[in-house]
Amino acid sequence: MMLEGFAANLTLILAVFLLAGLIKGVVGLGLPTIAMGLLGLVMPPMQAAALLIVPSAVTNLWQLADGRSPLPMLRRLWPMLLGIAAGTLGTAALMRGTELPQATQLLGAALVIYAALGLAAVHFHVAPAHEPWLAPLVGTLTGAITAVTGVFVIPAVPYLQAIGLERDDLVRALGLSFSMSTLALALSLGQHGSLLEPQVLGTSALALIPALLGMAGGQWLRRRISPERFRRWFFIGLLLLGSDLALRGWF
């Protein structure tokens with residue numbers, strides 16, 4: 001039934017990843033968030049997350065491939081990355097391959113929180129002295145949210161923005177965080193075998209093509225528009241989308 005649903009929605013799936021790739025190309029993030037939000041309109045979050053695996057993994061590796069060694073950033077971020085893995089796999093094990101009845105609403109709530117923080121331009125600051133204990137906590141909470149909703153931006157993205165990284169280092173840190181989240185999500189979905197059947201992975205691989213085309217188009221567009229204005233509209237759209245998902249079942 002799940003595979004039939006993927007086939008019926010194939011055009012929509014490809015269009016979603018084209019748009020998500022375009023947004024990532026312009027603002028540097030948003031592919032998994034937009035893909036999860038839009039696919040969440042037509043399928044449960046964990047089914048959408050299974051489609052996310054290949055496009056997210058490849059585009060994050062692309063984001064990391066700037067010729068610099070990842071080791072310095074890994075030395076700083078490993079407690080958070082380890083927390084992401086532990087939180088994702090631990091929560092998935094507790095769920096025992098089942099999906100919460102409120103998963104779609106929780107997905108919507110996560111998108112609303114992320115969009116609200118983005119629109120409010122809230123700037124947090126984390127002193128280096130607090131990183132040793134806060135990083136694994138942030139990672140574990142991010143992993144738990146990832147296992148339930150497939151969204152891995154809260155609270156990892158605000159935390160990484162708060163630790164004082166330069167722009168290029170922040171992009172690299174986000175790539176490492178998203179890569180770990182994608183890997184942990186794939187392993188957790190593997191505990192529920194039907195979510196990672198060859199046909200599902202094939203659809204995910206097919207979705208990589210529009211995602212890469214969208215990223216290339218977004219990078220071209222980035223040089224011709226205001227990324228900040230585009231980012232603001234991105235968060236407005238995400239807020240509306242998240243609100244729709246969060247309120248489903250209430251009315």
# chains A, B, ... in the order shown; residues from 1 in each chain; ligands from 1
>>> residues_around(residues="range 49-57 of chain A", least_positions_apart="3", cutoff="9 Å", atoms="only C-alpha atoms", output="PyMOL selection string")
chain A and resi 13+17+21+31-32+35-36+39+44-46+60-62+149-151+178-179+182-183+185-186+189+195-196+200-209+211-212
>>> write_last_selection(atoms="N, CA and C atoms", output="short mmCIF file (atom, residue, chain, number, x, y, z; two decimals), in the first residue's frame")
data_model
loop_
_atom_site.label_atom_id
_atom_site.label_comp_id
_atom_site.auth_asym_id
_atom_site.auth_seq_id
_atom_site.Cartn_x
_atom_site.Cartn_y
_atom_site.Cartn_z
N ILE A 13 6.01 14.18 -5.53
CA ILE A 13 7.27 13.95 -4.83
C ILE A 13 8.42 14.65 -5.55
N PHE A 17 10.73 17.94 -4.17
CA PHE A 17 12.18 17.95 -4.02
C PHE A 17 12.83 19.00 -4.93
N GLY A 21 15.04 21.72 -3.10
CA GLY A 21 16.41 21.95 -3.54
C GLY A 21 16.64 23.40 -3.92
N LEU A 31 16.03 22.01 2.69
CA LEU A 31 15.59 20.88 1.87
C LEU A 31 14.80 19.86 2.69
N PRO A 32 15.35 19.33 3.79
CA PRO A 32 14.56 18.34 4.54
C PRO A 32 13.32 18.93 5.17
N ALA A 35 10.69 19.52 2.37
CA ALA A 35 10.25 18.22 1.85
C ALA A 35 9.34 17.51 2.86
N MET A 36 9.75 17.51 4.13
CA MET A 36 8.93 16.86 5.15
C MET A 36 7.58 17.55 5.29
N LEU A 39 5.42 16.92 1.93
CA LEU A 39 5.03 15.51 1.81
C LEU A 39 4.13 15.09 2.96
N PRO A 44 2.12 9.93 5.94
CA PRO A 44 2.64 10.02 7.31
C PRO A 44 4.09 10.47 7.32
N PRO A 45 4.53 11.17 8.39
CA PRO A 45 5.89 11.70 8.44
C PRO A 45 6.99 10.67 8.20
N MET A 46 6.88 9.48 8.75
CA MET A 46 7.96 8.52 8.59
C MET A 46 8.07 7.99 7.17
N ASN A 60 23.80 17.20 1.50
CA ASN A 60 24.60 17.60 2.66
C ASN A 60 26.08 17.34 2.40
N LEU A 61 26.41 16.22 1.75
CA LEU A 61 27.81 15.97 1.39
C LEU A 61 28.30 17.02 0.39
N TRP A 62 27.45 17.42 -0.53
CA TRP A 62 27.78 18.49 -1.47
C TRP A 62 28.11 19.76 -0.69
N THR A 149 9.36 13.03 14.05
CA THR A 149 8.79 13.89 13.00
C THR A 149 9.57 13.85 11.69
N GLY A 150 10.84 13.40 11.71
CA GLY A 150 11.66 13.46 10.52
C GLY A 150 12.30 14.82 10.29
N VAL A 151 12.07 15.78 11.18
CA VAL A 151 12.63 17.13 11.08
C VAL A 151 13.81 17.23 12.02
N PHE A 178 23.28 17.88 9.83
CA PHE A 178 22.25 17.27 8.98
C PHE A 178 22.69 15.90 8.47
N SER A 179 23.99 15.75 8.21
CA SER A 179 24.49 14.45 7.74
C SER A 179 24.33 13.39 8.82
N THR A 182 20.66 12.56 9.14
CA THR A 182 20.20 11.71 8.03
C THR A 182 20.64 10.27 8.22
N LEU A 183 21.90 10.08 8.63
CA LEU A 183 22.42 8.72 8.86
C LEU A 183 21.65 8.04 9.99
N LEU A 185 18.68 8.78 11.08
CA LEU A 185 17.30 8.56 10.65
C LEU A 185 17.21 7.32 9.76
N ALA A 186 18.18 7.15 8.86
CA ALA A 186 18.18 5.97 7.99
C ALA A 186 18.30 4.70 8.82
N LEU A 189 14.97 4.10 10.61
CA LEU A 189 13.95 3.60 9.69
C LEU A 189 14.22 2.16 9.30
N LEU A 195 9.93 0.46 5.52
CA LEU A 195 10.17 1.85 5.17
C LEU A 195 11.40 2.03 4.30
N LEU A 196 12.28 1.04 4.27
CA LEU A 196 13.49 1.16 3.46
C LEU A 196 13.62 -0.01 2.49
N VAL A 200 11.42 1.80 -2.20
CA VAL A 200 11.38 3.08 -1.51
C VAL A 200 12.70 3.82 -1.72
N LEU A 201 13.81 3.11 -1.55
CA LEU A 201 15.11 3.72 -1.77
C LEU A 201 15.28 4.15 -3.23
N GLY A 202 14.69 3.39 -4.15
CA GLY A 202 14.75 3.78 -5.56
C GLY A 202 14.01 5.09 -5.80
N THR A 203 12.86 5.24 -5.17
CA THR A 203 12.11 6.50 -5.29
C THR A 203 12.89 7.64 -4.67
N SER A 204 13.54 7.36 -3.53
CA SER A 204 14.37 8.37 -2.87
C SER A 204 15.53 8.78 -3.76
N ALA A 205 16.17 7.79 -4.43
CA ALA A 205 17.28 8.10 -5.34
C ALA A 205 16.78 8.92 -6.53
N LEU A 206 15.59 8.59 -7.03
CA LEU A 206 15.01 9.34 -8.13
C LEU A 206 14.76 10.79 -7.72
N ALA A 207 14.34 11.00 -6.47
CA ALA A 207 14.08 12.35 -5.97
C ALA A 207 15.34 13.19 -5.88
N LEU A 208 16.51 12.53 -5.89
CA LEU A 208 17.77 13.26 -5.84
C LEU A 208 17.94 14.13 -7.08
N ILE A 209 17.46 13.68 -8.24
CA ILE A 209 17.66 14.42 -9.49
C ILE A 209 17.02 15.81 -9.42
N ALA A 211 16.17 17.39 -6.76
CA ALA A 211 16.78 18.11 -5.64
C ALA A 211 18.08 18.80 -6.09
N LEU A 212 18.91 18.09 -6.84
CA LEU A 212 20.16 18.67 -7.33
C LEU A 212 19.90 19.76 -8.37
#
>>> residues_around(residues="Leu81 in chain A", least_positions_apart="2", cutoff="9 Å", atoms="only C-alpha atoms", output="ChimeraX atom specification")
/A:74,77-79,83-86,135-136,139-140,176-177,180-181
>>> select_by_dssp(residues="range 4-249 of chain A", states="helix (DSSP H, G or I)", output="ChimeraX atom specification")
/A:4-8,10-27,31-39,45-64,71-95,103-120,128-149,156-162,167-190,193-196,198-222,227-247
>>> residues_around(residues="Pro128 in chain A", least_positions_apart="5", cutoff="12 Å", atoms="only C-alpha atoms", output="ChimeraX atom specification")
/A:76-77,133-135,159-160,162-165
>>> write_last_selection(atoms="N, CA and C atoms", output="mmCIF file, in the first residue's frame")
data_model
loop_
_atom_site.group_PDB
_atom_site.id
_atom_site.type_symbol
_atom_site.label_atom_id
_atom_site.label_comp_id
_atom_site.auth_asym_id
_atom_site.auth_seq_id
_atom_site.Cartn_x
_atom_site.Cartn_y
_atom_site.Cartn_z
ATOM 1 N N ARG A 76 34.975 19.846 17.631
ATOM 2 C CA ARG A 76 34.140 20.738 18.436
ATOM 3 C C ARG A 76 32.718 20.215 18.592
ATOM 4 N N LEU A 77 32.200 19.581 17.558
ATOM 5 C CA LEU A 77 30.772 19.228 17.544
ATOM 6 C C LEU A 77 30.478 17.778 17.901
ATOM 7 N N TRP A 133 28.341 20.615 28.224
ATOM 8 C CA TRP A 133 27.133 19.969 28.753
ATOM 9 C C TRP A 133 25.903 20.237 27.889
ATOM 10 N N LEU A 134 25.891 21.398 27.199
ATOM 11 C CA LEU A 134 24.709 21.749 26.411
ATOM 12 C C LEU A 134 24.683 21.012 25.068
ATOM 13 N N ALA A 135 25.851 20.800 24.464
ATOM 14 C CA ALA A 135 25.902 20.168 23.137
ATOM 15 C C ALA A 135 25.251 18.782 23.115
ATOM 16 N N TYR A 159 21.063 26.295 18.090
ATOM 17 C CA TYR A 159 22.265 26.096 18.905
ATOM 18 C C TYR A 159 23.521 26.416 18.096
ATOM 19 N N LEU A 160 23.610 25.892 16.877
ATOM 20 C CA LEU A 160 24.797 26.135 16.048
ATOM 21 C C LEU A 160 24.934 27.617 15.701
ATOM 22 N N ALA A 162 24.157 29.897 17.692
ATOM 23 C CA ALA A 162 24.426 30.609 18.942
ATOM 24 C C ALA A 162 25.855 30.458 19.447
ATOM 25 N N ILE A 163 26.650 29.570 18.840
ATOM 26 C CA ILE A 163 27.979 29.312 19.410
ATOM 27 C C ILE A 163 29.076 30.132 18.737
ATOM 28 N N GLY A 164 28.678 31.113 17.930
ATOM 29 C CA GLY A 164 29.627 32.083 17.422
ATOM 30 C C GLY A 164 30.460 31.642 16.240
ATOM 31 N N LEU A 165 29.929 30.804 15.372
ATOM 32 C CA LEU A 165 30.664 30.355 14.191
ATOM 33 C C LEU A 165 30.614 31.412 13.090
#
>>> residues_around(residues="Thr88 in chain A", least_positions_apart="3", cutoff="9 Å", atoms="only C-alpha atoms", output="ChimeraX atom specification")
/A:83-85,91-93,140-148,181,184-185,187-188
>>> write_last_selection(atoms="N, CA and C atoms", output="PDB file, in the first residue's frame")
ATOM      1  N   GLY A  83      25.049  12.913  20.463  1.00  0.00           N
ATOM      2  CA  GLY A  83      23.716  13.046  21.043  1.00  0.00           C
ATOM      3  C   GLY A  83      22.621  12.859  20.010  1.00  0.00           C
ATOM      4  N   ILE A  84      22.832  13.391  18.797  1.00  0.00           N
ATOM      5  CA  ILE A  84      21.844  13.214  17.727  1.00  0.00           C
ATOM      6  C   ILE A  84      21.646  11.738  17.418  1.00  0.00           C
ATOM      7  N   ALA A  85      22.761  11.001  17.297  1.00  0.00           N
ATOM      8  CA  ALA A  85      22.668   9.570  17.004  1.00  0.00           C
ATOM      9  C   ALA A  85      21.950   8.831  18.129  1.00  0.00           C
ATOM     10  N   THR A  91      15.096   6.883  20.687  1.00  0.00           N
ATOM     11  CA  THR A  91      13.660   7.161  20.570  1.00  0.00           C
ATOM     12  C   THR A  91      12.997   6.192  19.604  1.00  0.00           C
ATOM     13  N   ALA A  92      13.669   5.893  18.495  1.00  0.00           N
ATOM     14  CA  ALA A  92      13.112   4.933  17.532  1.00  0.00           C
ATOM     15  C   ALA A  92      12.943   3.557  18.164  1.00  0.00           C
ATOM     16  N   ALA A  93      13.912   3.165  19.006  1.00  0.00           N
ATOM     17  CA  ALA A  93      13.809   1.865  19.680  1.00  0.00           C
ATOM     18  C   ALA A  93      12.623   1.846  20.644  1.00  0.00           C
ATOM     19  N   THR A 140      20.731  15.251  21.702  1.00  0.00           N
ATOM     20  CA  THR A 140      19.773  14.208  22.077  1.00  0.00           C
ATOM     21  C   THR A 140      18.342  14.657  21.812  1.00  0.00           C
ATOM     22  N   LEU A 141      18.030  15.911  22.145  1.00  0.00           N
ATOM     23  CA  LEU A 141      16.682  16.428  21.901  1.00  0.00           C
ATOM     24  C   LEU A 141      16.400  16.519  20.403  1.00  0.00           C
ATOM     25  N   THR A 142      17.389  16.964  19.628  1.00  0.00           N
ATOM     26  CA  THR A 142      17.235  17.002  18.167  1.00  0.00           C
ATOM     27  C   THR A 142      16.973  15.601  17.626  1.00  0.00           C
ATOM     28  N   GLY A 143      17.721  14.621  18.133  1.00  0.00           N
ATOM     29  CA  GLY A 143      17.530  13.249  17.680  1.00  0.00           C
ATOM     30  C   GLY A 143      16.150  12.712  18.007  1.00  0.00           C
ATOM     31  N   ALA A 144      15.657  13.019  19.203  1.00  0.00           N
ATOM     32  CA  ALA A 144      14.324  12.551  19.591  1.00  0.00           C
ATOM     33  C   ALA A 144      13.255  13.142  18.679  1.00  0.00           C
ATOM     34  N   ILE A 145      13.379  14.429  18.382  1.00  0.00           N
ATOM     35  CA  ILE A 145      12.415  15.081  17.486  1.00  0.00           C
ATOM     36  C   ILE A 145      12.526  14.506  16.081  1.00  0.00           C
ATOM     37  N   THR A 146      13.748  14.215  15.655  1.00  0.00           N
ATOM     38  CA  THR A 146      13.963  13.607  14.335  1.00  0.00           C
ATOM     39  C   THR A 146      13.267  12.258  14.234  1.00  0.00           C
ATOM     40  N   ALA A 147      13.399  11.432  15.266  1.00  0.00           N
ATOM     41  CA  ALA A 147      12.812  10.092  15.234  1.00  0.00           C
ATOM     42  C   ALA A 147      11.290  10.140  15.143  1.00  0.00           C
ATOM     43  N   VAL A 148      10.675  11.176  15.715  1.00  0.00           N
ATOM     44  CA  VAL A 148       9.212  11.268  15.745  1.00  0.00           C
ATOM     45  C   VAL A 148       8.667  11.970  14.505  1.00  0.00           C
ATOM     46  N   SER A 181      22.190  13.495  11.289  1.00  0.00           N
ATOM     47  CA  SER A 181      20.751  13.264  11.461  1.00  0.00           C
ATOM     48  C   SER A 181      20.213  12.347  10.376  1.00  0.00           C
ATOM     49  N   ALA A 184      21.457   8.765  11.092  1.00  0.00           N
ATOM     50  CA  ALA A 184      20.738   8.187  12.229  1.00  0.00           C
ATOM     51  C   ALA A 184      19.289   7.886  11.861  1.00  0.00           C
ATOM     52  N   LEU A 185      18.676   8.782  11.078  1.00  0.00           N
ATOM     53  CA  LEU A 185      17.299   8.555  10.647  1.00  0.00           C
ATOM     54  C   LEU A 185      17.206   7.316   9.763  1.00  0.00           C
ATOM     55  N   LEU A 187      19.180   4.702   9.820  1.00  0.00           N
ATOM     56  CA  LEU A 187      19.339   3.523  10.678  1.00  0.00           C
ATOM     57  C   LEU A 187      18.065   3.241  11.471  1.00  0.00           C
ATOM     58  N   SER A 188      17.414   4.307  11.952  1.00  0.00           N
ATOM     59  CA  SER A 188      16.187   4.106  12.725  1.00  0.00           C
ATOM     60  C   SER A 188      15.062   3.587  11.840  1.00  0.00           C
TER      61      SER A 188
END
>>> decode(residues="range 19-159 of chain A", atoms="C-alpha atoms", output="short mmCIF file (atom, residue, chain, number, x, y, z; two decimals), in the first residue's frame")
data_model
loop_
_atom_site.label_atom_id
_atom_site.label_comp_id
_atom_site.auth_asym_id
_atom_site.auth_seq_id
_atom_site.Cartn_x
_atom_site.Cartn_y
_atom_site.Cartn_z
CA LEU A 19 11.27 23.21 -4.75
CA ALA A 20 13.11 22.06 -1.63
CA GLY A 21 16.41 21.95 -3.54
CA LEU A 22 15.76 25.43 -4.93
CA ILE A 23 15.24 26.81 -1.43
CA LYS A 24 18.39 25.09 -0.14
CA GLY A 25 20.34 26.57 -3.05
CA VAL A 26 19.23 30.09 -2.14
CA VAL A 27 19.31 30.10 1.68
CA GLY A 28 21.69 27.19 2.39
CA LEU A 29 19.15 25.05 4.25
CA GLY A 30 15.53 23.98 4.09
CA LEU A 31 15.59 20.88 1.87
CA PRO A 32 14.56 18.34 4.54
CA THR A 33 12.27 20.80 6.28
CA ILE A 34 10.32 21.79 3.18
CA ALA A 35 10.25 18.22 1.85
CA MET A 36 8.93 16.86 5.15
CA GLY A 37 6.34 19.60 5.47
CA LEU A 38 4.90 19.31 1.96
CA LEU A 39 5.03 15.51 1.81
CA GLY A 40 3.40 15.47 5.24
CA LEU A 41 0.27 16.80 3.54
CA VAL A 42 -0.21 13.52 1.66
CA MET A 43 1.58 10.83 3.72
CA PRO A 44 2.64 10.02 7.31
CA PRO A 45 5.89 11.70 8.44
CA MET A 46 7.96 8.52 8.59
CA GLN A 47 7.02 7.58 5.02
CA ALA A 48 8.10 11.05 3.94
CA ALA A 49 11.31 10.66 5.95
CA ALA A 50 12.15 7.47 4.04
CA LEU A 51 12.04 9.44 0.78
CA LEU A 52 14.33 12.06 2.29
CA ILE A 53 17.31 9.76 2.90
CA VAL A 54 19.15 9.88 -0.45
CA PRO A 55 18.52 13.56 -1.39
CA SER A 56 19.39 14.75 2.11
CA ALA A 57 22.56 12.66 2.35
CA VAL A 58 23.92 13.68 -1.06
CA THR A 59 23.06 17.39 -0.82
CA ASN A 60 24.60 17.60 2.66
CA LEU A 61 27.81 15.97 1.39
CA TRP A 62 27.78 18.49 -1.47
CA GLN A 63 27.47 21.26 1.12
CA LEU A 64 30.49 19.84 3.00
CA ALA A 65 32.66 19.38 -0.10
CA ASP A 66 34.49 22.71 -0.03
CA GLY A 67 38.01 21.31 0.15
CA ARG A 68 38.56 21.89 3.86
CA SER A 69 39.11 19.14 6.41
CA PRO A 70 36.07 18.43 8.59
CA LEU A 71 38.24 17.32 11.54
CA PRO A 72 38.45 20.69 13.37
CA MET A 73 34.66 21.06 13.29
CA LEU A 74 34.18 17.41 14.24
CA ARG A 75 36.38 17.90 17.30
CA ARG A 76 34.14 20.74 18.44
CA LEU A 77 30.77 19.23 17.54
CA TRP A 78 31.23 15.52 18.31
CA PRO A 79 29.24 15.66 21.62
CA MET A 80 26.23 17.10 19.79
CA LEU A 81 26.60 14.67 16.88
CA LEU A 82 26.82 11.74 19.27
CA GLY A 83 23.72 13.05 21.04
CA ILE A 84 21.84 13.21 17.73
CA ALA A 85 22.67 9.57 17.00
CA ALA A 86 21.74 8.43 20.52
CA GLY A 87 18.52 10.47 20.61
CA THR A 88 17.34 9.29 17.20
CA LEU A 89 18.13 5.61 17.66
CA GLY A 90 17.01 5.52 21.29
CA THR A 91 13.66 7.16 20.57
CA ALA A 92 13.11 4.93 17.53
CA ALA A 93 13.81 1.86 19.68
CA LEU A 94 11.27 3.03 22.26
CA MET A 95 8.70 3.53 19.50
CA ARG A 96 9.38 -0.04 18.29
CA GLY A 97 8.80 0.79 14.63
CA THR A 98 5.37 2.33 15.24
CA GLU A 99 4.35 5.88 14.42
CA LEU A 100 2.63 8.13 16.94
CA PRO A 101 -1.00 8.93 16.03
CA GLN A 102 -0.17 12.61 16.48
CA ALA A 103 3.01 12.46 14.34
CA THR A 104 1.63 14.80 11.66
CA GLN A 105 0.57 17.35 14.27
CA LEU A 106 3.97 17.11 15.96
CA LEU A 107 5.66 17.62 12.59
CA GLY A 108 3.57 20.75 12.12
CA ALA A 109 4.44 22.02 15.59
CA ALA A 110 8.17 21.56 14.92
CA LEU A 111 7.86 23.53 11.67
CA VAL A 112 5.92 26.32 13.40
CA ILE A 113 8.55 26.67 16.13
CA TYR A 114 11.38 26.75 13.58
CA ALA A 115 9.56 29.29 11.38
CA ALA A 116 8.66 31.50 14.35
CA LEU A 117 12.29 31.60 15.52
CA GLY A 118 13.41 32.44 11.99
CA LEU A 119 10.87 35.25 11.53
CA ALA A 120 11.56 36.69 14.97
CA ALA A 121 15.29 36.71 14.18
CA VAL A 122 15.95 35.57 17.73
CA HIS A 123 19.68 35.57 18.44
CA PHE A 124 20.85 33.27 21.21
CA HIS A 125 24.38 33.18 22.56
CA VAL A 126 26.09 30.16 24.09
CA ALA A 127 29.36 30.76 25.93
CA PRO A 128 32.13 28.23 25.15
CA ALA A 129 32.13 27.15 28.81
CA HIS A 130 28.57 25.81 28.41
CA GLU A 131 29.17 23.81 25.22
CA PRO A 132 30.43 20.59 26.94
CA TRP A 133 27.13 19.97 28.75
CA LEU A 134 24.71 21.75 26.41
CA ALA A 135 25.90 20.17 23.14
CA PRO A 136 24.95 16.55 23.99
CA LEU A 137 21.63 17.74 25.43
CA VAL A 138 20.81 19.67 22.25
CA GLY A 139 21.89 16.70 20.14
CA THR A 140 19.77 14.21 22.08
CA LEU A 141 16.68 16.43 21.90
CA THR A 142 17.23 17.00 18.17
CA GLY A 143 17.53 13.25 17.68
CA ALA A 144 14.32 12.55 19.59
CA ILE A 145 12.42 15.08 17.49
CA THR A 146 13.96 13.61 14.34
CA ALA A 147 12.81 10.09 15.23
CA VAL A 148 9.21 11.27 15.75
CA THR A 149 8.79 13.89 13.00
CA GLY A 150 11.66 13.46 10.52
CA VAL A 151 12.63 17.13 11.08
CA PHE A 152 16.16 17.68 12.37
CA VAL A 153 16.49 21.46 12.69
CA ILE A 154 15.18 21.98 16.24
CA PRO A 155 17.06 22.74 18.46
CA ALA A 156 20.28 21.98 16.52
CA VAL A 157 20.12 24.95 14.12
CA PRO A 158 19.49 27.64 16.79
CA TYR A 159 22.26 26.10 18.90
#
